[in-house]
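S.K.: Have a look at the structure that comes next, please.
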Amino acid sequence: MNRVGLEVPVKGMIFTELLDLADHLAGEEAVDKLLDDLDLDSDAAYTSVGNYPCSELVQIMTALGAQSGVSCDEVQREFGHWVLGIFTDRYPHFVKDKHTAFDLLEVIETEVHAEVRKLYPDAELPTFRTRRLGPDRMEMHYHSERPLRSFCHGLIEACLQRYGVTGQVRIAQDNGASDTVFDIQLER
Ligand code: HEM
């Protein structure tokens, strides 16, 4: 499969989570209006098991950001924080034996998303390669068919927070929003 872009589908549960975050930030009434104005092909009738084009995700995030004067990238990042909280509550066994943020980030590809794939065989997940550069430093290479690196950025930041560590998550190599190397440096 050699597609990159906004037509690539995203699992419905990501959409339903985005609408929950939107309700939380802007209130249900404002969100209904925002969705009406966008006039989406799906009519925003998302179910968690369906698949919908990434373009709709980006349209909703862009419109949400415009309401509060922030960019789509900033909304994606905040959404990453939101989703990590929800997913770790919903799937505690995925994170149970992971004692540090790096332990968890290292197994997103091989364990966490591998389990997601078993639950949802039609899920289209990104690929990750990680490399420890020292006890407090790790490189994480995100590669996807969808341009969601800012969402990924937020998820990584949220992993650090979850384990009570602070640090910098920097874009070390920018090959576009679908292919990015993050440099994660923890503070001691
Ligand atoms: C308990 C933890 C997690 C669960 C259950 C989970 C599950 C999922 C699911 C269901 C999707 C949607 C797949 C689709 O659209 O078909 C997804 C997408 C994604 N996940 Fe995870 N995930 C988890 C943790 C993480 C973490 C920690 C990261 C970051 C390092 C991450 C990075 C991503 C990204 C960036 C996407 C968007 C799709 C893309 O960019 O191609 N996930 N994940």
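For the structure tokens, the naming scheme is as follows: chains receive sequential letters (A, B, ...) according to their order of presentation, residues are indexed from 1 within each chain, and ligands are indexed from 1 in presentation order.
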Can you list every residue of chain A that has an atom at most 6 Å from ligand 1, with its nearest atom pair and the distance in Å to one decimal, using only C-alpha atoms and all ligand atoms, ordered by chain then number, as JSON lines?

M.R.:
```
{"residue": "A:Val10", "atom": "CA", "partner": "ligand 1", "partner_atom_place_in_ligand_line": "15 (O)", "distance": 3.4}
{"residue": "A:Lys11", "atom": "CA", "partner": "ligand 1", "partner_atom_place_in_ligand_line": "15 (O)", "distance": 3.6}
{"residue": "A:Phe87", "atom": "CA", "partner": "ligand 1", "partner_atom_place_in_ligand_line": "1 (C)", "distance": 4.6}
{"residue": "A:Thr88", "atom": "CA", "partner": "ligand 1", "partner_atom_place_in_ligand_line": "1 (C)", "distance": 4.5}
{"residue": "A:Tyr91", "atom": "CA", "partner": "ligand 1", "partner_atom_place_in_ligand_line": "1 (C)", "distance": 5.7}
{"residue": "A:Phe94", "atom": "CA", "partner": "ligand 1", "partner_atom_place_in_ligand_line": "1 (C)", "distance": 5.6}
{"residue": "A:Leu105", "atom": "CA", "partner": "ligand 1", "partner_atom_place_in_ligand_line": "30 (C)", "distance": 5.7}
{"residue": "A:Ile108", "atom": "CA", "partner": "ligand 1", "partner_atom_place_in_ligand_line": "26 (C)", "distance": 5.9}
{"residue": "A:Val112", "atom": "CA", "partner": "ligand 1", "partner_atom_place_in_ligand_line": "3 (C)", "distance": 5.9}
{"residue": "A:His113", "atom": "CA", "partner": "ligand 1", "partner_atom_place_in_ligand_line": "6 (C)", "distance": 5.9}
{"residue": "A:Val116", "atom": "CA", "partner": "ligand 1", "partner_atom_place_in_ligand_line": "7 (C)", "distance": 5.8}
{"residue": "A:Ala123", "atom": "CA", "partner": "ligand 1", "partner_atom_place_in_ligand_line": "16 (O)", "distance": 3.2}
{"residue": "A:Glu124", "atom": "CA", "partner": "ligand 1", "partner_atom_place_in_ligand_line": "16 (O)", "distance": 3.9}
{"residue": "A:Leu125", "atom": "CA", "partner": "ligand 1", "partner_atom_place_in_ligand_line": "41 (O)", "distance": 4.9}
{"residue": "A:Pro126", "atom": "CA", "partner": "ligand 1", "partner_atom_place_in_ligand_line": "41 (O)", "distance": 4.0}
{"residue": "A:Ser144", "atom": "CA", "partner": "ligand 1", "partner_atom_place_in_ligand_line": "41 (O)", "distance": 4.4}
{"residue": "A:Glu145", "atom": "CA", "partner": "ligand 1", "partner_atom_place_in_ligand_line": "41 (O)", "distance": 5.7}
{"residue": "A:Arg146", "atom": "CA", "partner": "ligand 1", "partner_atom_place_in_ligand_line": "41 (O)", "distance": 4.8}
{"residue": "A:Leu148", "atom": "CA", "partner": "ligand 1", "partner_atom_place_in_ligand_line": "40 (O)", "distance": 4.7}
{"residue": "A:Phe151", "atom": "CA", "partner": "ligand 1", "partner_atom_place_in_ligand_line": "35 (C)", "distance": 5.7}
{"residue": "A:Cys152", "atom": "CA", "partner": "ligand 1", "partner_atom_place_in_ligand_line": "35 (C)", "distance": 4.0}
{"residue": "A:Leu155", "atom": "CA", "partner": "ligand 1", "partner_atom_place_in_ligand_line": "29 (C)", "distance": 4.8}
{"residue": "A:Ile156", "atom": "CA", "partner": "ligand 1", "partner_atom_place_in_ligand_line": "30 (C)", "distance": 4.9}
```

S.K.: Env of Thr127 of chain A: 7 Å cut, atoms = only C-alpha atoms, seq-sep filter 6 positions within chain, self excluded. Answer as a list in words.

M.R.: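 The contact residues come out as Glu109, Tyr142, His143 and Ser144 of chain A.
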
S.K.: Can I get the selection written as an mmCIF file, in the first residue's frame, with N, CA and C atoms?

M.R.:
```cif
data_model
loop_
_atom_site.group_PDB
_atom_site.id
_atom_site.type_symbol
_atom_site.label_atom_id
_atom_site.label_comp_id
_atom_site.auth_asym_id
_atom_site.auth_seq_id
_atom_site.Cartn_x
_atom_site.Cartn_y
_atom_site.Cartn_z
ATOM 1 N N GLU A 109 4.849 -0.248 18.735
ATOM 2 C CA GLU A 109 4.785 -0.976 17.458
ATOM 3 C C GLU A 109 4.590 -2.488 17.675
ATOM 4 N N TYR A 142 8.607 8.046 13.503
ATOM 5 C CA TYR A 142 7.187 7.855 13.163
ATOM 6 C C TYR A 142 7.049 7.866 11.652
ATOM 7 N N HIS A 143 6.396 6.831 11.150
ATOM 8 C CA HIS A 143 6.142 6.797 9.714
ATOM 9 C C HIS A 143 4.705 6.336 9.497
ATOM 10 N N SER A 144 3.959 7.065 8.688
ATOM 11 C CA SER A 144 2.537 6.758 8.543
ATOM 12 C C SER A 144 2.057 7.065 7.141
#
```

S.K.: Segment 40-46 of chain A: which residues within 12 Å, counting only C-alpha atoms, same-chain residues fewer than 2 positions away excluded, as a PyMOL selection string?

M.R.: chain A and resi 10-20+31-38+48-60

S.K.: Write the selection just made, keeping N, CA, C and O atoms, as a compact mmCIF listing (two decimals), in the first residue's frame?

M.R.:
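Once everything was written out, this is again-v2.txt:
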```txt
# COMPACT_ATOMS: atom_id res chain seq x y z
N VAL A 10 -9.18 6.45 8.85
CA VAL A 10 -8.82 6.40 10.27
C VAL A 10 -9.98 5.73 10.99
O VAL A 10 -11.15 5.92 10.62
N LYS A 11 -9.64 4.94 11.99
CA LYS A 11 -10.66 4.18 12.73
C LYS A 11 -11.65 5.13 13.42
O LYS A 11 -11.29 6.16 13.98
N GLY A 12 -12.93 4.72 13.39
CA GLY A 12 -13.99 5.55 13.97
C GLY A 12 -13.78 5.91 15.43
O GLY A 12 -14.17 6.99 15.87
N MET A 13 -13.12 5.02 16.18
CA MET A 13 -12.96 5.34 17.61
C MET A 13 -12.11 6.58 17.83
O MET A 13 -12.26 7.29 18.82
N ILE A 14 -11.23 6.87 16.86
CA ILE A 14 -10.43 8.09 16.96
C ILE A 14 -11.35 9.31 16.75
O ILE A 14 -11.25 10.32 17.44
N PHE A 15 -12.30 9.17 15.83
CA PHE A 15 -13.26 10.25 15.59
C PHE A 15 -14.16 10.46 16.81
O PHE A 15 -14.43 11.60 17.20
N THR A 16 -14.66 9.36 17.38
CA THR A 16 -15.58 9.53 18.50
C THR A 16 -14.84 10.17 19.68
O THR A 16 -15.39 10.99 20.40
N GLU A 17 -13.55 9.84 19.83
CA GLU A 17 -12.77 10.48 20.89
C GLU A 17 -12.57 11.96 20.61
O GLU A 17 -12.62 12.79 21.52
N LEU A 18 -12.34 12.29 19.33
CA LEU A 18 -12.14 13.70 18.99
C LEU A 18 -13.42 14.49 19.31
O LEU A 18 -13.35 15.60 19.84
N LEU A 19 -14.56 13.90 19.00
CA LEU A 19 -15.81 14.63 19.29
C LEU A 19 -16.03 14.76 20.80
O LEU A 19 -16.54 15.77 21.27
N ASP A 20 -15.61 13.76 21.56
CA ASP A 20 -15.69 13.88 23.03
C ASP A 20 -14.80 15.03 23.53
O ASP A 20 -15.21 15.81 24.38
N VAL A 31 -20.26 22.42 19.17
CA VAL A 31 -19.69 21.37 18.32
C VAL A 31 -20.70 20.97 17.24
O VAL A 31 -20.34 20.77 16.08
N ASP A 32 -21.98 20.87 17.61
CA ASP A 32 -22.99 20.55 16.60
C ASP A 32 -22.98 21.59 15.49
O ASP A 32 -23.05 21.26 14.31
N LYS A 33 -22.84 22.84 15.87
CA LYS A 33 -22.84 23.92 14.87
C LYS A 33 -21.60 23.81 13.99
O LYS A 33 -21.67 23.90 12.76
N LEU A 34 -20.46 23.58 14.65
CA LEU A 34 -19.19 23.45 13.91
C LEU A 34 -19.30 22.31 12.87
O LEU A 34 -18.90 22.45 11.72
N LEU A 35 -19.90 21.19 13.27
CA LEU A 35 -20.00 20.04 12.36
C LEU A 35 -20.99 20.34 11.23
O LEU A 35 -20.74 19.99 10.08
N ASP A 36 -22.08 21.01 11.57
CA ASP A 36 -23.05 21.41 10.53
C ASP A 36 -22.37 22.27 9.48
O ASP A 36 -22.53 22.07 8.28
N ASP A 37 -21.60 23.25 9.97
CA ASP A 37 -20.93 24.19 9.05
C ASP A 37 -19.93 23.47 8.15
O ASP A 37 -19.71 23.88 7.02
N LEU A 38 -19.32 22.40 8.66
CA LEU A 38 -18.30 21.71 7.86
C LEU A 38 -18.93 20.88 6.74
O LEU A 38 -18.29 20.58 5.75
N SER A 48 -17.63 3.73 16.38
CA SER A 48 -16.25 3.42 16.75
C SER A 48 -15.63 2.36 15.84
O SER A 48 -14.42 2.32 15.66
N VAL A 49 -16.46 1.50 15.24
CA VAL A 49 -15.90 0.43 14.40
C VAL A 49 -15.76 0.81 12.92
O VAL A 49 -15.15 0.08 12.15
N GLY A 50 -16.37 1.94 12.54
CA GLY A 50 -16.27 2.36 11.13
C GLY A 50 -14.90 2.91 10.80
O GLY A 50 -14.02 2.99 11.66
N ASN A 51 -14.69 3.26 9.55
CA ASN A 51 -13.45 3.91 9.11
C ASN A 51 -13.84 5.12 8.27
O ASN A 51 -14.74 5.01 7.43
N TYR A 52 -13.15 6.23 8.49
CA TYR A 52 -13.53 7.47 7.81
C TYR A 52 -12.25 8.18 7.35
O TYR A 52 -11.20 8.02 7.97
N PRO A 53 -12.39 8.99 6.29
CA PRO A 53 -11.17 9.61 5.75
C PRO A 53 -10.49 10.55 6.76
O PRO A 53 -11.16 11.30 7.48
N CYS A 54 -9.18 10.51 6.73
CA CYS A 54 -8.38 11.35 7.62
C CYS A 54 -8.68 12.84 7.36
O CYS A 54 -8.56 13.67 8.26
N SER A 55 -9.11 13.15 6.12
CA SER A 55 -9.41 14.56 5.81
C SER A 55 -10.47 15.12 6.75
O SER A 55 -10.41 16.28 7.16
N GLU A 56 -11.44 14.27 7.14
CA GLU A 56 -12.49 14.77 8.04
C GLU A 56 -11.92 15.05 9.43
O GLU A 56 -12.29 16.02 10.08
N LEU A 57 -11.00 14.19 9.84
CA LEU A 57 -10.36 14.40 11.15
C LEU A 57 -9.64 15.76 11.16
O LEU A 57 -9.76 16.55 12.09
N VAL A 58 -8.91 16.00 10.07
CA VAL A 58 -8.13 17.24 9.98
C VAL A 58 -9.07 18.45 9.86
O VAL A 58 -8.83 19.50 10.48
N GLN A 59 -10.17 18.29 9.12
CA GLN A 59 -11.13 19.40 9.00
C GLN A 59 -11.70 19.77 10.38
O GLN A 59 -11.82 20.95 10.72
N ILE A 60 -12.06 18.74 11.14
CA ILE A 60 -12.66 19.01 12.46
C ILE A 60 -11.62 19.66 13.38
O ILE A 60 -11.89 20.64 14.07
```

S.K.: So the first atom is atom CA of Gln173 of chain A and the second is atom CA of Ile86 of chain A; what is the distance between them in Å, to one decimal place?

M.R.: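 Result for atom CA of Gln173 of chain A versus atom CA of Ile86 of chain A: 29.0 Å, one decimal.
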
S.K.: Given the choices A:Asp179, A:Asp39, A:Asp122, A:Glu187, which gets closest to Thr166 of chain A if the distance is worked out from only C-alpha atoms?

M.R.: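 Smallest distance to Thr166 of chain A is found for A:Glu187.
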
S.K.: To one decimal in Å, tell me the separation between atom CA of Gly176 of chain A and atom CA of Arg149 of chain A.

M.R.: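 These two atoms are separated by 8.4 Å.
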
S.K.: Looking at only C-alpha atoms, which of A:Gly80, A:Gly85, A:Gly164, A:Pro135 is the one that sits closest to Ser150 of chain A?

M.R.: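 With only C-alpha atoms as the atom set, the closest residue is A:Gly80.
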
S.K.: Can you list every residue in chain A that DSSP puts in alpha helix (DSSP H), as a ChimeraX atom specification?

M.R.: /A:12-26,28-38,54-68,72-90,92-95,101-106,113-119,149-162

S.K.: Point out the residue among A:Met61, A:Ile184, A:Leu6, A:Leu160 with the least atom-to-atom distance to His81 of chain A, counting only C-alpha atoms.

M.R.: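 That would be A:Leu160, the residue with the smallest distance to His81 of chain A.
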
S.K.: Select, from A:Arg170, A:Asp136, A:Pro147, A:Val181, the residue with the minimum atom-to-atom distance to Gly5 of chain A, counting only C-alpha atoms.

M.R.: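 Among the listed residues, A:Pro147 lies closest to Gly5 of chain A.
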
S.K.: Which residues, written as number ranges by chain, have at least one atom at most 9 Å from Thr62 of chain A, with only C-alpha atoms counted and residues fewer than 5 positions away on the same chain left out?

M.R.: A: 57, 67, 70-73, 75

S.K.: In Å to one decimal, how far is atom CA of Lys118 of chain A from atom CA of Thr47 of chain A?

M.R.: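 Separating atom CA of Thr47 of chain A from atom CA of Lys118 of chain A is a distance of 18.8 Å.
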
S.K.: Residues within 7 Å of Gly167 of chain A, please, as a tab-separated table (two decimals) with all heavy atoms, in the first residue's frame. Count only C-alpha atoms; anything in the same chain fewer than 2 positions from it doesn't count.

M.R.:
```tsv
chain	number	residue	atom	x	y	z
A	165	VAL	N	7.52	12.06	34.41
A	165	VAL	CA	8.82	12.62	34.05
A	165	VAL	C	8.62	13.83	33.14
A	165	VAL	O	7.63	13.92	32.42
A	165	VAL	CB	9.75	11.59	33.33
A	165	VAL	CG1	10.28	10.57	34.32
A	165	VAL	CG2	9.05	10.90	32.18
A	169	VAL	N	10.39	16.96	23.85
A	169	VAL	CA	10.12	16.11	22.68
A	169	VAL	C	10.31	17.01	21.46
A	169	VAL	O	9.52	17.91	21.22
A	169	VAL	CB	8.68	15.54	22.72
A	169	VAL	CG1	8.43	14.63	21.53
A	169	VAL	CG2	8.43	14.80	24.04
A	185	GLN	N	14.22	13.77	25.11
A	185	GLN	CA	15.27	13.97	26.11
A	185	GLN	C	14.62	14.21	27.48
A	185	GLN	O	13.91	15.19	27.66
A	185	GLN	CB	16.12	15.18	25.70
A	185	GLN	CG	17.13	15.65	26.73
A	185	GLN	CD	18.37	14.75	26.79
A	185	GLN	OE1	19.11	14.67	25.82
A	185	GLN	NE2	18.58	14.09	27.93
A	186	LEU	N	14.85	13.30	28.40
A	186	LEU	CA	14.26	13.46	29.73
A	186	LEU	C	15.13	14.38	30.58
A	186	LEU	O	16.35	14.44	30.41
A	186	LEU	CB	14.13	12.10	30.43
A	186	LEU	CG	13.34	11.02	29.69
A	186	LEU	CD1	13.22	9.78	30.57
A	186	LEU	CD2	11.94	11.53	29.31
A	187	GLU	N	14.48	15.09	31.50
A	187	GLU	CA	15.22	15.93	32.46
A	187	GLU	C	15.38	15.16	33.75
A	187	GLU	O	14.48	14.46	34.17
A	187	GLU	CB	14.44	17.22	32.73
A	187	GLU	CG	14.62	18.25	31.65
A	187	GLU	CD	13.45	19.24	31.58
A	187	GLU	OE1	12.69	19.31	32.57
A	187	GLU	OE2	13.32	19.90	30.56
```

S.K.: Please determine, counting only C-alpha atoms, which residue among A:Leu25, A:Leu133, A:Phe128, A:Trp82 has the shortest atom-to-atom distance to Ser68 of chain A.

M.R.: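 Answer, going by the shortest atom-to-atom distance: A:Leu25.
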